[in-house]
Each structure stands twice: as structure tokens, then as C-alpha cells.
file query17.tsv (TSV, C-alpha atoms)
chain	number	residue	atom	x	y	z
K	124	MET	CA	1.77	73.11	72.60
K	125	ASN	CA	0.10	69.80	73.17
K	126	ARG	CA	-0.32	66.85	70.75
K	127	ASP	CA	-3.90	67.75	69.76
K	128	GLN	CA	-2.86	71.29	68.85
K	129	ALA	CA	0.02	69.94	66.78
K	130	LEU	CA	-2.36	67.55	64.97
K	131	LYS	CA	-4.77	70.40	64.35
K	132	LEU	CA	-1.95	72.38	62.79
K	133	GLN	CA	-1.14	69.40	60.59
K	134	ALA	CA	-4.80	69.22	59.51
K	135	TYR	CA	-4.83	72.94	58.79
K	136	ALA	CA	-1.69	72.64	56.65
K	137	ASP	CA	-3.43	69.85	54.72
K	138	GLY	CA	-6.56	71.95	54.25
K	139	GLU	CA	-8.67	69.46	56.22
K	140	LEU	CA	-10.09	71.72	58.90
K	141	PRO	CA	-13.71	72.95	58.73
K	142	PRO	CA	-14.01	76.75	58.13
K	143	GLY	CA	-14.97	77.55	61.77
K	144	ASP	CA	-11.99	75.62	63.24
K	145	ALA	CA	-9.68	77.10	60.61
K	146	ALA	CA	-10.66	80.68	61.63
K	147	GLU	CA	-10.09	79.89	65.29
K	148	LEU	CA	-6.69	78.32	64.46
K	149	GLU	CA	-5.66	81.36	62.45
K	150	ARG	CA	-6.39	83.56	65.48
K	151	TRP	CA	-4.23	81.27	67.57
K	152	LEU	CA	-1.43	81.38	64.97
K	153	ALA	CA	-1.47	85.18	65.03
K	154	ALA	CA	-0.90	85.12	68.76
K	155	ASP	CA	1.57	82.19	69.07
K	156	PRO	CA	4.99	82.35	67.31
K	157	GLU	CA	5.72	78.69	68.25
K	158	ALA	CA	2.61	77.62	66.41
K	159	ARG	CA	3.61	79.63	63.35
K	160	ALA	CA	7.08	78.09	63.45
K	161	LEU	CA	5.61	74.60	63.60
K	162	LEU	CA	3.20	75.33	60.72
K	163	GLU	CA	6.13	76.61	58.69
K	164	GLU	CA	8.10	73.46	59.39
K	165	ILE	CA	5.15	71.27	58.45
K	166	ARG	CA	4.81	73.10	55.13
K	167	HIS	CA	8.52	72.82	54.40
K	168	THR	CA	8.53	69.13	55.20
K	169	ARG	CA	5.51	68.51	52.99
K	170	GLU	CA	7.06	70.48	50.16
K	171	ALA	CA	10.33	68.58	50.52
K	172	LEU	CA	8.57	65.23	50.42
K	173	ARG	CA	6.51	66.23	47.39
K	174	ALA	CA	9.51	67.55	45.46
K	175	TYR	CA	12.12	64.95	46.25
K	176	GLU	CA	10.24	61.73	46.69
K	177	ALA	CA	11.57	59.29	44.13
K	178	GLU	CA	8.88	57.99	41.78
K	179	VAL	CA	8.64	54.24	41.83
K	180	ARG	CA	7.16	52.42	38.87
K	181	LEU	CA	6.30	48.76	39.04
K	182	PRO	CA	7.63	46.70	36.16
K	183	GLU	CA	4.22	45.17	35.67
K	184	SER	CA	0.62	46.29	35.82
K	185	ARG	CA	-1.15	46.35	39.07
K	186	GLU	CA	-3.52	43.57	38.00
K	187	PHE	CA	-0.65	41.36	37.01
K	188	TYR	CA	1.20	42.06	40.22
K	189	TRP	CA	-1.76	40.99	42.30
K	190	SER	CA	-2.53	38.01	40.10
K	191	LYS	CA	1.01	36.78	40.74
K	192	ILE	CA	0.41	36.91	44.42
K	193	GLU	CA	-2.92	35.15	44.00
K	194	ARG	CA	-1.33	32.38	41.95
K	195	GLU	CA	1.41	31.90	44.46
K	196	ILE	CA	-1.12	31.60	47.26
K	197	ARG	CA	-3.08	29.02	45.30
K	198	ARG	CA	0.08	27.09	44.53
K	199	LEU	CA	1.02	26.95	48.18
K	200	GLU	CA	-2.49	25.96	49.21
K	201	ALA	CA	-2.84	23.19	46.63
K	202	PRO	CA	-2.20	19.70	47.95
K	203	ALA	CA	1.16	18.34	46.93
K	204	ARG	CA	0.95	15.97	43.98
K	205	VAL	CA	1.50	12.40	44.81
K	206	ARG	CA	4.28	11.09	42.68
K	207	PRO	CA	3.76	7.56	41.48
K	208	GLN	CA	6.14	5.30	43.13
K	209	ALA	CA	8.72	3.89	40.84
K	210	SER	CA	7.93	0.30	40.10
K	211	THR	CA	10.46	-2.22	41.06
K	212	GLY	CA	11.34	-5.74	40.20
K	213	VAL	CA	9.86	-7.80	37.37
K	214	TRP	CA	6.87	-5.54	36.91
K	215	ALA	CA	9.19	-2.58	36.32
K	216	LEU	CA	11.04	-4.53	33.64
K	217	VAL	CA	7.77	-5.53	32.01
K	218	GLN	CA	6.52	-1.95	32.06
K	219	ARG	CA	9.75	-0.71	30.56
K	220	TRP	CA	10.24	-3.27	27.83
K	221	LEU	CA	6.68	-4.20	26.92
K	222	PRO	CA	6.10	-1.25	24.53
K	223	LEU	CA	9.41	-1.88	22.79
K	224	ALA	CA	8.71	-5.59	22.53
K	225	GLY	CA	5.24	-4.84	21.17
K	226	ALA	CA	6.62	-2.46	18.53
K	227	ALA	CA	9.25	-5.00	17.53
K	228	ALA	CA	6.60	-7.71	17.25
K	229	VAL	CA	4.44	-5.49	15.03
K	230	ILE	CA	7.41	-4.74	12.76
K	231	VAL	CA	8.36	-8.40	12.48
K	232	LEU	CA	4.75	-9.34	11.79
K	233	GLY	CA	4.49	-6.64	9.12
K	234	LEU	CA	7.66	-7.86	7.45
K	235	MET	CA	6.39	-11.42	7.49
K	236	VAL	CA	3.07	-10.40	5.92
K	237	TRP	CA	4.85	-8.29	3.31
K	238	GLU	CA	7.25	-11.09	2.46
K	239	ARG	CA	4.40	-13.56	2.29
K	240	SER	CA	2.35	-11.37	-0.07
K	241	ARG	CA	5.45	-10.72	-2.17
K	242	SER	CA	6.17	-14.44	-2.38
K	243	ASP	CA	2.56	-15.18	-3.24
K	244	ARG	CA	2.61	-12.56	-5.95
K	245	LEU	CA	5.90	-13.80	-7.35
K	246	ALA	CA	4.54	-17.33	-7.32
K	247	GLU	CA	1.60	-16.16	-9.39
K	248	VAL	CA	3.83	-14.63	-12.04
K	249	SER	CA	5.20	-16.76	-14.78
K	250	ALA	CA	6.90	-15.84	-18.01
K	251	GLU	CA	7.64	-17.98	-20.99
K	252	PHE	CA	9.55	-17.01	-24.11
K	253	ALA	CA	8.49	-19.25	-26.92
K	254	LEU	CA	10.76	-18.01	-29.68
K	255	ALA	CA	13.56	-16.64	-27.58
K	256	ASP	CA	17.04	-17.81	-28.36
K	257	ALA	CA	18.18	-16.76	-24.92
K	258	GLU	CA	16.58	-16.05	-21.57
K	259	GLY	CA	14.52	-12.89	-21.28
K	260	PHE	CA	13.89	-11.14	-18.03
K	261	THR	CA	10.95	-9.91	-16.07
K	262	TYR	CA	11.06	-6.83	-13.87
K	263	GLN	CA	8.33	-6.01	-11.39
K	264	ASP	CA	7.70	-2.51	-10.10
K	265	TYR	CA	5.12	-3.07	-7.36
K	266	ALA	CA	4.94	0.60	-6.41
K	267	ASN	CA	3.83	1.65	-9.87
K	268	GLY	CA	2.01	-1.56	-10.73
K	269	ILE	CA	4.11	-2.34	-13.80
K	270	THR	CA	5.62	-5.54	-15.03
K	271	LEU	CA	8.29	-5.30	-17.69
K	272	VAL	CA	8.95	-8.33	-19.85
K	273	TRP	CA	12.03	-7.89	-21.99
K	274	LEU	CA	12.45	-10.26	-24.86
K	275	PRO	CA	15.78	-11.31	-26.24
K	276	TYR	CA	13.93	-12.20	-29.40
K	277	PRO	CA	15.92	-11.04	-32.43
K	278	ALA	CA	15.08	-7.47	-33.27
K	279	GLU	CA	14.96	-8.08	-37.00
K	280	ASN	CA	11.95	-10.29	-36.52
K	281	GLU	CA	9.98	-8.14	-34.12
K	282	PRO	CA	7.40	-6.47	-34.51
K	283	GLY	CA	8.67	-4.72	-37.63
K	284	GLY	CA	11.73	-5.63	-39.60
K	285	ALA	CA	15.31	-4.74	-40.28
K	286	ASN	CA	14.81	-0.99	-40.22
K	287	THR	CA	12.85	1.53	-38.28
K	288	GLU	CA	10.23	2.11	-40.94
K	289	GLU	CA	9.42	-1.56	-41.03
K	290	THR	CA	9.35	-1.75	-37.29
K	291	LEU	CA	6.63	0.84	-37.16
K	292	ASN	CA	4.43	-0.76	-39.79
P	192	MET	CA	-37.04	15.18	18.98
P	193	SER	CA	-35.18	12.53	20.90
P	194	SER	CA	-37.27	9.68	19.49
P	195	ASN	CA	-36.73	11.04	15.96
P	196	ARG	CA	-33.00	11.01	16.50
P	197	ARG	CA	-33.16	7.46	17.85
P	198	ARG	CA	-35.22	6.37	14.85
P	199	PHE	CA	-32.70	7.98	12.51
P	200	SER	CA	-29.83	6.16	14.23
P	201	LEU	CA	-31.72	2.88	13.87
P	202	HIS	CA	-32.22	3.49	10.17
P	203	ALA	CA	-28.56	4.33	9.72
P	204	LEU	CA	-27.63	1.14	11.53
P	205	LEU	CA	-29.92	-0.93	9.31
P	206	LEU	CA	-28.56	0.71	6.17
P	207	GLY	CA	-25.00	0.02	7.34
P	208	ALA	CA	-25.83	-3.61	7.99
P	209	LEU	CA	-27.41	-3.93	4.55
P	210	ALA	CA	-24.36	-2.31	2.96
P	211	LEU	CA	-22.13	-4.79	4.78
P	212	LEU	CA	-24.27	-7.69	3.64
P	213	GLY	CA	-24.23	-6.33	0.09
P	214	GLY	CA	-20.45	-6.03	0.26
P	215	GLY	CA	-20.18	-9.65	1.29
P	216	ALA	CA	-22.31	-10.86	-1.57
P	217	PRO	CA	-20.57	-11.86	-4.78
P	218	ALA	CA	-20.22	-8.91	-7.16
P	219	THR	CA	-21.93	-9.03	-10.48
P	220	ALA	CA	-19.39	-10.31	-12.97
P	221	SER	CA	-18.49	-7.51	-15.36
P	222	ASN	CA	-16.19	-7.46	-18.33
P	223	LEU	CA	-12.52	-6.75	-17.92
P	224	LYS	CA	-11.47	-3.69	-19.91
P	225	PHE	CA	-8.01	-3.30	-21.36
P	226	GLU	CA	-6.00	-0.93	-23.47
P	227	ALA	CA	-3.11	-2.12	-25.58
P	228	GLN	CA	-0.55	0.30	-27.02
P	229	LEU	CA	2.24	-0.28	-29.47
P	230	VAL	CA	5.02	2.13	-28.64
P	231	TRP	CA	8.35	2.91	-30.25
P	232	GLY	CA	11.24	4.08	-28.12
P	233	THR	CA	14.13	6.13	-29.44
P	234	ASN	CA	16.75	8.63	-28.41
P	235	GLU	CA	16.17	10.68	-31.56
P	236	GLU	CA	14.54	14.05	-31.10
P	237	THR	CA	12.20	13.56	-34.04
P	238	PRO	CA	10.13	10.44	-34.62
P	239	ALA	CA	10.65	8.27	-37.71
P	240	ARG	CA	7.19	9.22	-38.88
P	241	PRO	CA	5.85	12.73	-38.46
P	242	ASP	CA	2.38	11.47	-37.58
P	243	LEU	CA	3.61	9.74	-34.43
P	244	LYS	CA	2.60	11.38	-31.20
P	245	PRO	CA	4.44	11.10	-27.90
P	246	VAL	CA	2.85	8.81	-25.36
P	247	GLU	CA	0.76	10.35	-22.63
P	248	GLU	CA	2.69	11.94	-19.77
P	249	SER	CA	1.43	9.37	-17.25
P	250	VAL	CA	2.70	6.55	-19.45
P	251	ARG	CA	6.01	8.31	-20.06
P	252	GLN	CA	6.54	8.68	-16.32
P	253	LYS	CA	5.87	5.00	-15.72
P	254	LEU	CA	8.23	4.00	-18.49
P	255	ALA	CA	10.88	6.30	-17.04
P	256	ALA	CA	10.68	4.33	-13.79
P	257	LEU	CA	11.56	1.11	-15.59
P	258	PRO	CA	15.11	-0.09	-16.22
P	259	ILE	CA	14.93	0.94	-19.89
P	260	LYS	CA	16.39	4.28	-20.76
P	261	TRP	CA	15.17	5.54	-24.07
P	262	GLU	CA	14.48	9.24	-24.03
P	263	HIS	CA	11.39	9.43	-26.23
P	264	TYR	CA	8.44	7.13	-26.63
P	265	TYR	CA	5.96	7.48	-29.48
P	266	GLU	CA	2.59	5.82	-29.78
P	267	ILE	CA	2.14	3.82	-32.97
P	268	ASN	CA	-1.26	2.33	-32.30
P	269	ARG	CA	-3.73	1.91	-29.51
P	270	GLU	CA	-6.65	-0.47	-29.13
P	271	ARG	CA	-9.24	-0.81	-26.41
P	272	PHE	CA	-11.04	-4.05	-25.83
P	273	GLU	CA	-12.88	-5.97	-23.18
P	274	ILE	CA	-13.31	-9.61	-22.31
P	275	PRO	CA	-15.79	-11.40	-20.07
P	276	PRO	CA	-14.47	-13.16	-16.98
P	277	GLY	CA	-12.94	-16.41	-18.12
P	278	GLY	CA	-12.96	-15.25	-21.73
P	279	LYS	CA	-10.23	-14.09	-24.09
P	280	ASP	CA	-9.68	-11.70	-26.96
P	281	ARG	CA	-6.96	-10.91	-29.42
P	282	VAL	CA	-6.13	-7.48	-30.81
P	283	THR	CA	-3.84	-6.63	-33.68
P	284	LEU	CA	-1.64	-3.61	-33.03
P	285	SER	CA	0.27	-3.79	-36.31
P	286	GLU	CA	0.72	-6.22	-39.15
P	287	LYS	CA	3.53	-7.74	-37.20
P	288	CYS	CA	2.27	-7.61	-33.67
P	289	SER	CA	-0.83	-8.88	-31.96
P	290	VAL	CA	-1.74	-9.52	-28.35
P	291	GLU	CA	-4.10	-12.03	-26.83
P	292	VAL	CA	-5.44	-11.63	-23.32
P	293	ARG	CA	-7.14	-14.41	-21.45
P	294	SER	CA	-8.96	-13.85	-18.15
P	295	LEU	CA	-8.11	-16.44	-15.50
P	296	GLU	CA	-9.34	-16.75	-11.90
P	297	GLY	CA	-9.43	-13.60	-9.79
P	298	LYS	CA	-7.31	-10.77	-11.17
P	299	LYS	CA	-5.04	-13.16	-12.98
P	300	VAL	CA	-4.57	-12.83	-16.70
P	301	GLU	CA	-2.53	-14.59	-19.33
P	302	VAL	CA	-1.05	-12.42	-22.06
P	303	ARG	CA	0.33	-13.84	-25.27
P	304	TRP	CA	2.27	-11.96	-27.90
P	305	TYR	CA	2.41	-13.02	-31.51
P	306	ASN	CA	4.71	-12.00	-34.34
P	307	GLN	CA	4.04	-11.31	-38.01
P	308	LYS	CA	3.89	-15.04	-38.71
P	309	LYS	CA	1.28	-15.44	-36.00
P	310	GLU	CA	3.80	-17.41	-34.00
P	311	LEU	CA	3.74	-17.20	-30.22
P	312	VAL	CA	6.61	-15.00	-29.09
P	313	GLY	CA	6.03	-15.00	-25.35
P	314	ARG	CA	3.50	-15.62	-22.67
P	315	GLN	CA	3.09	-13.92	-19.33
P	316	THR	CA	0.74	-15.00	-16.54
P	317	GLN	CA	0.18	-12.78	-13.54
P	318	PRO	CA	-2.44	-10.87	-11.55
P	319	LEU	CA	-3.24	-7.54	-13.18
P	320	GLY	CA	-5.29	-5.10	-11.12
P	321	LYS	CA	-7.06	-1.98	-12.27
P	322	GLY	CA	-4.58	0.60	-13.52
P	323	GLU	CA	-1.69	-1.88	-13.60
P	324	MET	CA	0.35	-2.51	-16.73
P	325	ILE	CA	2.36	-5.20	-18.38
P	326	VAL	CA	5.02	-3.87	-20.71
P	327	LEU	CA	6.52	-6.23	-23.22
P	328	GLY	CA	9.55	-4.92	-25.02
P	329	GLY	CA	12.54	-5.73	-27.11
P	330	ASN	CA	15.36	-4.10	-29.00
P	331	ALA	CA	14.78	-2.76	-32.49
P	332	PRO	CA	17.20	-1.58	-35.19
P	333	ASN	CA	19.15	1.66	-34.86
P	334	ALA	CA	19.29	1.50	-31.08
P	335	THR	CA	15.54	1.84	-30.76
P	336	CYS	CA	13.01	-0.38	-29.05
P	337	TRP	CA	9.44	-1.45	-29.39
P	338	LEU	CA	7.03	-1.83	-26.54
P	339	VAL	CA	3.59	-3.34	-26.19
P	340	ILE	CA	1.86	-1.83	-23.16
P	341	LEU	CA	-1.15	-3.63	-21.86
P	342	LYS	CA	-3.09	-1.70	-19.25
P	343	ARG	CA	-6.11	-2.89	-17.36
P	344	LEU	CA	-8.67	-0.12	-17.30
P	345	GLU	CA	-11.42	-1.80	-15.26
call {"tool": "encode", "arguments": {"input": "query17.tsv", "output": "C-alpha cells"}}
result
Amino acid sequence: MNRDQALKLQAYADGELPPGDAAELERWLAADPEARALLEEIRHTREALRAYEAEVRLPESREFYWSKIEREIRRLEAPARVRPQASTGVWALVQRWLPLAGAAAVIVLGLMVWERSRSDRLAEVSAEFALADAEGFTYQDYANGITLVWLPYPAENEPGGANTEETLN
Amino acid sequence: MSSNRRRFSLHALLLGALALLGGGAPATASNLKFEAQLVWGTNEETPARPDLKPVEESVRQKLAALPIKWEHYYEINRERFEIPPGGKDRVTLSEKCSVEVRSLEGKKVEVRWYNQKKELVGRQTQPLGKGEMIVLGGNAPNATCWLVILKRLE
């Protein structure tokens, strides 16, 4: 049996032969025991492969699998990024400390402005207790916009009298 | 379409410039509006007079932020008044308490408190912006206090 005959047997086993060739091959099979033995072996082999081939499942979808490959190709083809060279010397120091120095300057400036406005505001406030027999006090709550002036003026004289009822009248 | 949009932008620019110019011009002088309240502070659950009402919640919260720690504040009287810039007015909150407010330059005001004998008790000079308050207070009998709250409304 030559190679072409063996291939023809293979095609017959796979059902790929045209009807005319298949009839001719069947006549040959009836007359040749070697050909029948080979056909039998082909069928057994095919059956064994079909029954015992381990099923392999990819952990990801086919699209994702190929997209990974595509991405990797693009990554390799992309030109390498040029890393900026680390600055050296005085310029490096300036680059490193300039933002910090700027932030510190802004904070100091803010504190100066706040202190100035606070001083100006305090300078504009004056309290005087005409009838007080001791010093009163003034409390400023800038957040709530309230000034409290507490008088040490004797309670009996203000704004009511010696008892609650008089105080309210 | 494009020329319309350009024209609109030009108008907006002109309006903005006018608004800026208007902002720079001196504002029309309007009266300063104030509200004066006479308030009584106590730790008692019930007020001395049943007709007294607690002060508004916003006022109570502001008083709570001050270094005075009475638990309840009741409104005895309230007067609203207004004065022209540079002018002054005096309101009587009770027979024994009146307040005079004088408008000075800018937001500055001078507040004077008078007692039942019409004597000057104290004087406070300071800037007072819209919504800001000056609270004058003192101790009263039975561990209570009185407060005169002057608030600038406008």
C-alpha cells in the first residue's frame, strides 16, 4: 500500500471522499485485508482521540486573550519613554525647595495680614465705663461677630433694682 | 450666527465694565438699621414673669458662645430703629435702661448705655457690620443677669 492509498483511506474514514471514489475504495477494501486492517486502525485511533482528549478551557475569553497579545505587541513597539534627567546642583535645590519656600511665604504673609487686621480692629474698639466702680471687660468673638461688654456696675442699680421683678420693669 | 455671538459677547463685556464702574462709585448713603433687645438671663426653669418669651434660637446660640453661662434667656423688650449716617438715636428699653447709638465713619458706631437716672453707664466704640452684635451685660439679683443686645440689621 502506497502513501496515496493510505491517505485515501484516511479521507474515507473521515467521510471526505466523493461518492464515486468511495465506491471504488469499498471494492478495494473488500479485496485487500491490509487495507481493511489499516481502516480499522484509523477508526480506532480517531475514536481514542475523540474519547480521551482532555478538554482545555482558557481562563479568559478568546477576545480578551487576543487583546492581551495585541497590547503586549503595542507595548513592545512603543518607543521607550525618555525619563527626565535628574537635575543637579543649585537648580535641583531650587526646584526642590521653591514650592516649600513659597508655601511658607504665603502662610507667613497670611498670618501678618490676619494679625494686622486684628490689631486694626482692636485699635478701633474702645470701651469706657462711666459709673463703674471697678474695671469691666470686653470680649470679642470675631467668628460670630459679637462683642460682649460686661459691666461691674452694681447690680442693684441696673437696669432694674434690688429684686428680679424690679430688674425686669 | 457667529456675528450675533460676537455682538452678545461685546454687550456682556460692556455691561460688566459698567457694573465695575458702578461698583467703584460711592454707594447711596442709606440709613443704618438696628435692633435693641433687653434680655434677662437666669438658671431658673420658669421666667419671673409668665409673659416673657425665650429669645430667638439664633440669639440663644450666640449667647451660648459667649463666656457667660446662664441657661435661659428671656426677652423683656425689643425695639427697632434706624439712624442716618453720621446721625444718632436713643431708644428706651425699660424705665431703667436706654441705649443711644451714634453712627461714626465707616461701619464704626458709638453705643452709650444709660441707667434709670439717665446717667451714662458705659460707652463702647467699635465697627459694627451687618448682622454683628454688641452685648452689654451685668449681674442682677438672685444670680441672674441682664443683657442689652444691639444688633445691626442693615
call {"tool": "atom_distance", "arguments": {"input": "query17.tsv", "atom1": "CA of Arg293 (chain P)", "atom2": "CA of Glu248 (chain P)"}}
result
28.2 Å
call {"tool": "closest_residue", "arguments": {"input": "query17.tsv", "among": "P:Asp280, P:Glu323, P:Asp242, P:Glu266", "to": "chain K", "atoms": "all atoms listed in the file"}}
result
P:Glu323
call {"tool": "atom_distance", "arguments": {"input": "query17.tsv", "atom1": "CA of Val231 (chain K)", "atom2": "CA of Val213 (chain K)"}}
result
24.9 Å
call {"tool": "interface_residues", "arguments": {"input": "query17.tsv", "of": "chain P", "to": "chain K", "cutoff": "9 Å", "atoms": "only C-alpha atoms", "output": "PDB file with C-alpha atoms, keeping the file's coordinate frame"}}
result
ATOM      1  CA  LEU P 229       2.240  -0.280 -29.470  1.00  0.00           C
ATOM      2  CA  VAL P 230       5.020   2.130 -28.640  1.00  0.00           C
ATOM      3  CA  TRP P 231       8.350   2.910 -30.250  1.00  0.00           C
ATOM      4  CA  ALA P 239      10.650   8.270 -37.710  1.00  0.00           C
ATOM      5  CA  ARG P 240       7.190   9.220 -38.880  1.00  0.00           C
ATOM      6  CA  LYS P 253       5.870   5.000 -15.720  1.00  0.00           C
ATOM      7  CA  LEU P 254       8.230   4.000 -18.490  1.00  0.00           C
ATOM      8  CA  ALA P 256      10.680   4.330 -13.790  1.00  0.00           C
ATOM      9  CA  LEU P 257      11.560   1.110 -15.590  1.00  0.00           C
ATOM     10  CA  PRO P 258      15.110  -0.090 -16.220  1.00  0.00           C
ATOM     11  CA  ILE P 267       2.140   3.820 -32.970  1.00  0.00           C
ATOM     12  CA  SER P 285       0.270  -3.790 -36.310  1.00  0.00           C
ATOM     13  CA  GLU P 286       0.720  -6.220 -39.150  1.00  0.00           C
ATOM     14  CA  LYS P 287       3.530  -7.740 -37.200  1.00  0.00           C
ATOM     15  CA  CYS P 288       2.270  -7.610 -33.670  1.00  0.00           C
ATOM     16  CA  SER P 289      -0.830  -8.880 -31.960  1.00  0.00           C
ATOM     17  CA  LYS P 299      -5.040 -13.160 -12.980  1.00  0.00           C
ATOM     18  CA  TYR P 305       2.410 -13.020 -31.510  1.00  0.00           C
ATOM     19  CA  ASN P 306       4.710 -12.000 -34.340  1.00  0.00           C
ATOM     20  CA  GLN P 307       4.040 -11.310 -38.010  1.00  0.00           C
ATOM     21  CA  GLU P 310       3.800 -17.410 -34.000  1.00  0.00           C
ATOM     22  CA  LEU P 311       3.740 -17.200 -30.220  1.00  0.00           C
ATOM     23  CA  VAL P 312       6.610 -15.000 -29.090  1.00  0.00           C
ATOM     24  CA  GLY P 313       6.030 -15.000 -25.350  1.00  0.00           C
ATOM     25  CA  ARG P 314       3.500 -15.620 -22.670  1.00  0.00           C
ATOM     26  CA  GLN P 315       3.090 -13.920 -19.330  1.00  0.00           C
ATOM     27  CA  THR P 316       0.740 -15.000 -16.540  1.00  0.00           C
ATOM     28  CA  GLN P 317       0.180 -12.780 -13.540  1.00  0.00           C
ATOM     29  CA  PRO P 318      -2.440 -10.870 -11.550  1.00  0.00           C
ATOM     30  CA  LEU P 319      -3.240  -7.540 -13.180  1.00  0.00           C
ATOM     31  CA  GLY P 320      -5.290  -5.100 -11.120  1.00  0.00           C
ATOM     32  CA  GLY P 322      -4.580   0.600 -13.520  1.00  0.00           C
ATOM     33  CA  GLU P 323      -1.690  -1.880 -13.600  1.00  0.00           C
ATOM     34  CA  MET P 324       0.350  -2.510 -16.730  1.00  0.00           C
ATOM     35  CA  ILE P 325       2.360  -5.200 -18.380  1.00  0.00           C
ATOM     36  CA  VAL P 326       5.020  -3.870 -20.710  1.00  0.00           C
ATOM     37  CA  LEU P 327       6.520  -6.230 -23.220  1.00  0.00           C
ATOM     38  CA  GLY P 328       9.550  -4.920 -25.020  1.00  0.00           C
ATOM     39  CA  GLY P 329      12.540  -5.730 -27.110  1.00  0.00           C
ATOM     40  CA  ASN P 330      15.360  -4.100 -29.000  1.00  0.00           C
ATOM     41  CA  ALA P 331      14.780  -2.760 -32.490  1.00  0.00           C
ATOM     42  CA  PRO P 332      17.200  -1.580 -35.190  1.00  0.00           C
ATOM     43  CA  ASN P 333      19.150   1.660 -34.860  1.00  0.00           C
ATOM     44  CA  THR P 335      15.540   1.840 -30.760  1.00  0.00           C
ATOM     45  CA  CYS P 336      13.010  -0.380 -29.050  1.00  0.00           C
ATOM     46  CA  TRP P 337       9.440  -1.450 -29.390  1.00  0.00           C
TER      47      TRP P 337
END
call {"tool": "atom_distance", "arguments": {"input": "query17.tsv", "atom1": "CA of Arg281 (chain P)", "atom2": "CA of Arg303 (chain P)"}}
result
8.9 Å
